[in-house]
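First the structure, in the form of structure tokens, and then the observations on it.
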Amino acid sequence: MKRAGQKVVAGTEAPGTSQTSKKQKTSLYGSGLGECDPCTSMDWGSLPHHVILRVFQFLTLVDRARASSVCRRWNEVFHIPDLWRRFEFELSQPATSYLKSTHPDLIQQIIKRHADHLQYVSFKVDSSTESAEAACDILSQLVNCSIKTLGLISTAKPSFMNVSKAHFASALTVVFVNSKSLSSIKIDDTPLDDPSLKVLVANNSDTLKLLKMSSCPHVSPAGILCVADQCHGLKELALNYYILSDELLLALSSEKHVDLEHLRIDVVSENPGQVQFHTIKKQSWDALVKHSPKVNIVMYFFLYEDEFDAFFREETPVTHLYFGRAVSKAMLGRIGMNCPRLIELVVCANGLQPLDDELIQIAERCKNLTAMGLGECEVTCRGFIEFVKMCGGRLTQLSIMEEVLIPDSDYSLDRLHLEVSKHLGRMWFPDMMPTW
């Protein structure tokens with residue numbers, strides 16, 4: 001209590017503090033910039049270019065623009081090419097979006113002074129057609145570009161699909177022709193077409209490594225085959241199932257082609273019963289895996305139950321499977337029989353018939369399975385524990401809704417988590433809501 005009455009004087013020196021130590025403390029303020037008296041205001045305009053550049057790299061675009069008005073020196077640094085290698089154009093309409101938007105004056109500055117510095121570029125647009133058209137207008141002006149990666153992102157519905165095909169193709173052609181070094185392109189949900197792909201291949205065949213073009217309805221199997229035939233460095237590819245073909249897989253398996261690392265296939269149907277899906281031959285899948293033994297083949301299914309007939313009737317080297325709609329017991333049984341490379345399986349819905357036998361078969365035959373997710377399905381506690389016991393500690397991800405599990409005479413839900421935790425080698429509880 002006596003200490004409460006003692007006075008503390010801010011800045012009081014400890015007895016014996018020397019003048020030398022004071023100077024040492026003062027010099028710390030100027031570390032790397034020479035000595036600086038903390039009582040004297042800093043001449044920020046005299047900072048070295050590399051220091052100002054480092055400061056700018058930590059600032060948001062808006063703050064960087066504000067900082068550029070401090071003095072002429074800072075404005076010069078604002079336009080150093082290194083700050084413009086990577087840029088995301090954000091385009092939105094105030095009436096239809098809460099997203100921020102890149103200021104038109106800044107866009108014109110970039111086009112005028114930094115088009116040839118841009119290397120890693122993306123366009124984020126809202127759901128309005130006007131924003132997508134504005135993105136195409138900017139692309140059309142990048143005549144001196146040397147872009148390496150390009151991404152077109154619709155934050156809501158795919159607004160690029162509302163742009164005329166001619167306008168979109170014309171804008172992309174400018175980039176495809178002038179860049180000469182494109183390595184990564186993400187243009188999902190766009191009116192990309194076969195002639196545009198031919199221009200891409202003609203100018204960037206030696207550099208293209210990644211192409212993501214799901215939901216591009218104007219691309220045909222012949223168009224994507226042109227890419228596989230000539231872009232021998234392609235390592236990652238994402239596309240819709242309707243343009244997947246035996247010829248494409250064989251082209252990706254040619255001796256000239258590098259090992260494919262990632263193949264994503266979206267299998268989508270909007271109208272139940274109106275789409276007939278073709279079958280890919282086992283020989284074509286085998287050729288791909290023989291050529292690229294470590295390839296991840298990811299398939300996303302958004303089909304109705306009566307549309308699965310063409311799939312998994314023969315051995316298929318898929319590694320990751322996601323079912324966004326209900327899938328039948330029979331289909332899951334086929335997966336257990338014919339997907340030996342399976343690593344991850346997510347089933348969002350099935351029905352009211354327990355999947356015990358199907359899960360046990362998957363555990364028996366899919367020796368690489370490490371991740372499982374079940375949503376609106378049913379599995380008895382006994383069957384689930386048997387599945388976990390067979391998979392053991394290799395199940396690094398196990399996401400099961402509590403409602404999926406049916407108590408039986410052997411196991412209650414209270415006992416279930418202890419038994420499952422024992423076989424996994426870690427604490428585990430069922431989920432209260434989906435986590436995938």
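Each chain of the structure tokens is named A, B, ... in the order shown, its residues numbered from 1; ligands are numbered from 1 in display order.
Backbone DSSP over region 182-219 of chain A yields alpha helix (DSSP H) at Asp194, Pro195, Ser196, Leu197, Lys198, Val199, Leu200, Val201, Ala202, Asn203 and Asn204 of chain A.
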Next on the checklist: So that I can see what lies close to Lys148 (chain A), please list as a PyMOL selection string the residues with an atom at most 8 Å from it, counting only C-alpha atoms and leaving out residues fewer than 2 positions away in the same chain.
Outcome noted: chain A and resi 119-120+146+150+179+181-184
Checklist entry - Pick from A:Gly324, A:Val275, A:Lys186, A:Thr370: nearest to Asp309 (chain A), with only C-alpha atoms counted? => result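 Selected residue with least distance to Asp309 (chain A): A:Val275.
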Skipping near chain neighbours, those fewer than 2 positions away, what residues fall within 8 Å of Glu88 (chain A) using only C-alpha atoms, listed as a JSON list (two decimals) with C-alpha atoms, in the first residue's frame?
[["chain", "number", "residue", "atom", "x", "y", "z"],
["A", 86, "ARG", "CA", 1.14, -7.74, -59.75],
["A", 90, "GLU", "CA", -11.62, -4.46, -59.18],
["A", 121, "VAL", "CA", -2.97, -9.69, -63.50],
["A", 122, "SER", "CA", -6.51, -10.51, -62.40],
["A", 123, "PHE", "CA", -9.89, -8.90, -62.96],
["A", 124, "LYS", "CA", -12.50, -9.16, -60.22]]
Checklist entry - Of the candidates A:Gly333, A:Pro430, A:Pro340, A:Pro217, which one gets nearest to Val318 (chain A) if we count only C-alpha atoms? => result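 For Val318 (chain A), the nearest of the candidates is A:Pro340.
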I need the residues in region 91-218 of chain A that are strand (DSSP E or B) according to DSSP; give them as a compact mmCIF listing (two decimals) with N, CA and C atoms, in the first residue's frame.
# COMPACT_ATOMS: atom_id res chain seq x y z
N LEU A 91 -13.63 -4.16 -60.46
CA LEU A 91 -14.61 -3.42 -61.26
C LEU A 91 -16.01 -3.76 -60.78
N TYR A 120 1.39 -10.24 -63.43
CA TYR A 120 0.45 -11.12 -62.72
C TYR A 120 -0.84 -10.33 -62.54
N VAL A 121 -1.80 -10.57 -63.40
CA VAL A 121 -2.97 -9.69 -63.50
C VAL A 121 -4.25 -10.49 -63.30
N SER A 122 -5.18 -9.92 -62.54
CA SER A 122 -6.51 -10.51 -62.40
C SER A 122 -7.56 -9.41 -62.47
N PHE A 123 -8.75 -9.81 -62.88
CA PHE A 123 -9.89 -8.90 -62.96
C PHE A 123 -11.00 -9.48 -62.09
N LYS A 124 -11.41 -8.73 -61.09
CA LYS A 124 -12.50 -9.16 -60.22
C LYS A 124 -13.70 -8.27 -60.52
N VAL A 125 -14.77 -8.88 -61.02
CA VAL A 125 -15.95 -8.12 -61.42
C VAL A 125 -17.17 -8.60 -60.64
N THR A 149 0.51 -14.35 -65.85
CA THR A 149 -0.70 -15.01 -65.34
C THR A 149 -1.88 -14.08 -65.50
N LEU A 150 -3.01 -14.66 -65.89
CA LEU A 150 -4.23 -13.89 -66.11
C LEU A 150 -5.40 -14.62 -65.48
N GLY A 151 -6.18 -13.91 -64.67
CA GLY A 151 -7.37 -14.49 -64.06
C GLY A 151 -8.57 -13.60 -64.22
N LEU A 152 -9.69 -14.17 -64.61
CA LEU A 152 -10.96 -13.43 -64.73
C LEU A 152 -11.92 -14.03 -63.72
N ILE A 153 -12.35 -13.22 -62.76
CA ILE A 153 -13.12 -13.71 -61.62
C ILE A 153 -14.44 -12.96 -61.52
N SER A 154 -15.55 -13.69 -61.57
CA SER A 154 -16.87 -13.11 -61.31
C SER A 154 -17.25 -13.43 -59.87
N SER A 184 -0.08 -19.08 -66.90
CA SER A 184 -1.24 -19.47 -66.10
C SER A 184 -2.45 -18.65 -66.50
N ILE A 185 -3.54 -19.34 -66.86
CA ILE A 185 -4.76 -18.66 -67.29
C ILE A 185 -5.95 -19.29 -66.57
N LYS A 186 -6.74 -18.47 -65.89
CA LYS A 186 -7.95 -18.91 -65.21
C LYS A 186 -9.11 -18.11 -65.77
N LEU A 210 -0.65 -23.82 -66.95
CA LEU A 210 -1.92 -24.01 -66.25
C LEU A 210 -3.05 -23.36 -67.04
N LEU A 211 -4.12 -24.11 -67.25
CA LEU A 211 -5.29 -23.60 -67.95
C LEU A 211 -6.54 -24.08 -67.24
N LYS A 212 -7.31 -23.14 -66.69
CA LYS A 212 -8.57 -23.45 -66.03
C LYS A 212 -9.69 -22.79 -66.82
Checklist entry - Which residue gives the smallest distance to Pro354 (chain A) among A:Ser399, A:Thr155, A:Ser196, A:Thr380, with only C-alpha atoms counted? => result A:Thr380
Checklist entry - Can you tell me, as a list in words, what residues are no more than 12 Å from Leu59 (chain A) when counting only C-alpha atoms, ignoring any on the same chain fewer than 6 positions away? => result Ile52, Leu53, Ala65, Arg66, Ala67, Ser68, Phe78 and Leu83 of chain A
Next on the checklist: Show me, as a PyMOL selection string, the residues that have an atom within 8 Å of Glu402 (chain A) when counting only C-alpha atoms, minus same-chain residues fewer than 3 positions from it.
Outcome noted: chain A and resi 405+430-432
Kindly export the residues of the current selection with C-alpha atoms, as a compact mmCIF listing (two decimals), in the first residue's frame.
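Saved to result_17.txt:
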# COMPACT_ATOMS: atom_id res chain seq x y z
CA LEU A 405 -24.90 -41.92 -37.67
CA PRO A 430 -18.96 -35.96 -35.35
CA ASP A 431 -19.70 -32.58 -36.93
CA MET A 432 -22.72 -30.48 -36.12
Next on the checklist: Between A:Gln276, A:Asn368, A:Thr102, A:Asn144, which residue has the minimum interatomic distance to Arg394 (chain A), considering only C-alpha atoms?
Outcome noted: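 Counting only C-alpha atoms, the residue closest to Arg394 (chain A) is A:Asn368.
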Checklist entry - What's the 9 Å shell around Asp116 (chain A), counting only C-alpha atoms, without same-chain residues fewer than 3 positions away, as an MDAnalysis selection string? => result chainID A and resid 81 111 113 119 142:147
Prev. selection, N, CA, C and O atoms, output as a PDB file, in the first residue's frame:
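Final file, again.pdb:
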ATOM      1  N   PRO A  81       8.608   0.231 -61.670  1.00  0.00           N
ATOM      2  CA  PRO A  81       7.986  -0.963 -62.276  1.00  0.00           C
ATOM      3  C   PRO A  81       7.732  -2.117 -61.308  1.00  0.00           C
ATOM      4  O   PRO A  81       6.740  -2.836 -61.435  1.00  0.00           O
ATOM      5  N   ILE A 111      -2.660   1.924 -67.642  1.00  0.00           N
ATOM      6  CA  ILE A 111      -2.617   1.631 -69.078  1.00  0.00           C
ATOM      7  C   ILE A 111      -1.556   2.474 -69.775  1.00  0.00           C
ATOM      8  O   ILE A 111      -0.811   1.994 -70.646  1.00  0.00           O
ATOM      9  N   ARG A 113       1.176   4.150 -68.320  1.00  0.00           N
ATOM     10  CA  ARG A 113       2.551   4.121 -67.820  1.00  0.00           C
ATOM     11  C   ARG A 113       3.052   2.734 -67.423  1.00  0.00           C
ATOM     12  O   ARG A 113       4.263   2.522 -67.332  1.00  0.00           O
ATOM     13  N   GLN A 119       2.588  -8.211 -64.967  1.00  0.00           N
ATOM     14  CA  GLN A 119       2.922  -9.607 -65.216  1.00  0.00           C
ATOM     15  C   GLN A 119       1.904 -10.571 -64.609  1.00  0.00           C
ATOM     16  O   GLN A 119       1.599 -11.597 -65.207  1.00  0.00           O
ATOM     17  N   LEU A 142      -4.206  -3.342 -73.475  1.00  0.00           N
ATOM     18  CA  LEU A 142      -2.902  -3.819 -72.998  1.00  0.00           C
ATOM     19  C   LEU A 142      -2.046  -4.317 -74.157  1.00  0.00           C
ATOM     20  O   LEU A 142      -1.616  -5.466 -74.205  1.00  0.00           O
ATOM     21  N   VAL A 143      -1.772  -3.418 -75.096  1.00  0.00           N
ATOM     22  CA  VAL A 143      -1.079  -3.807 -76.328  1.00  0.00           C
ATOM     23  C   VAL A 143       0.421  -3.976 -76.119  1.00  0.00           C
ATOM     24  O   VAL A 143       1.095  -4.592 -76.962  1.00  0.00           O
ATOM     25  N   ASN A 144       0.965  -3.426 -75.040  1.00  0.00           N
ATOM     26  CA  ASN A 144       2.399  -3.555 -74.783  1.00  0.00           C
ATOM     27  C   ASN A 144       2.686  -4.479 -73.596  1.00  0.00           C
ATOM     28  O   ASN A 144       3.724  -4.371 -72.960  1.00  0.00           O
ATOM     29  N   CYS A 145       1.748  -5.368 -73.302  1.00  0.00           N
ATOM     30  CA  CYS A 145       1.857  -6.161 -72.073  1.00  0.00           C
ATOM     31  C   CYS A 145       2.826  -7.323 -72.227  1.00  0.00           C
ATOM     32  O   CYS A 145       3.172  -7.731 -73.340  1.00  0.00           O
ATOM     33  N   SER A 146       3.267  -7.824 -71.069  1.00  0.00           N
ATOM     34  CA  SER A 146       4.077  -9.050 -71.022  1.00  0.00           C
ATOM     35  C   SER A 146       3.546  -9.907 -69.872  1.00  0.00           C
ATOM     36  O   SER A 146       4.298 -10.326 -68.997  1.00  0.00           O
ATOM     37  N   ILE A 147       2.239 -10.139 -69.882  1.00  0.00           N
ATOM     38  CA  ILE A 147       1.551 -10.816 -68.782  1.00  0.00           C
ATOM     39  C   ILE A 147       1.948 -12.290 -68.728  1.00  0.00           C
ATOM     40  O   ILE A 147       2.039 -12.965 -69.752  1.00  0.00           O
TER      41      ILE A 147
END
Checklist entry - Contacts of region 191-195 of chain A at 9 Å or less, counting only C-alpha atoms, minus same-chain residues fewer than 6 places along, as a VMD selection string? => result chain A and resid 160 to 166 168 to 169 172 213 215 to 220 222 to 224 226
Item to check | Among listed residues A:Leu239, A:Val267, A:Leu321, A:Leu250, nearest Ala287 (chain A) (using only C-alpha atoms) | outcome: A:Leu250
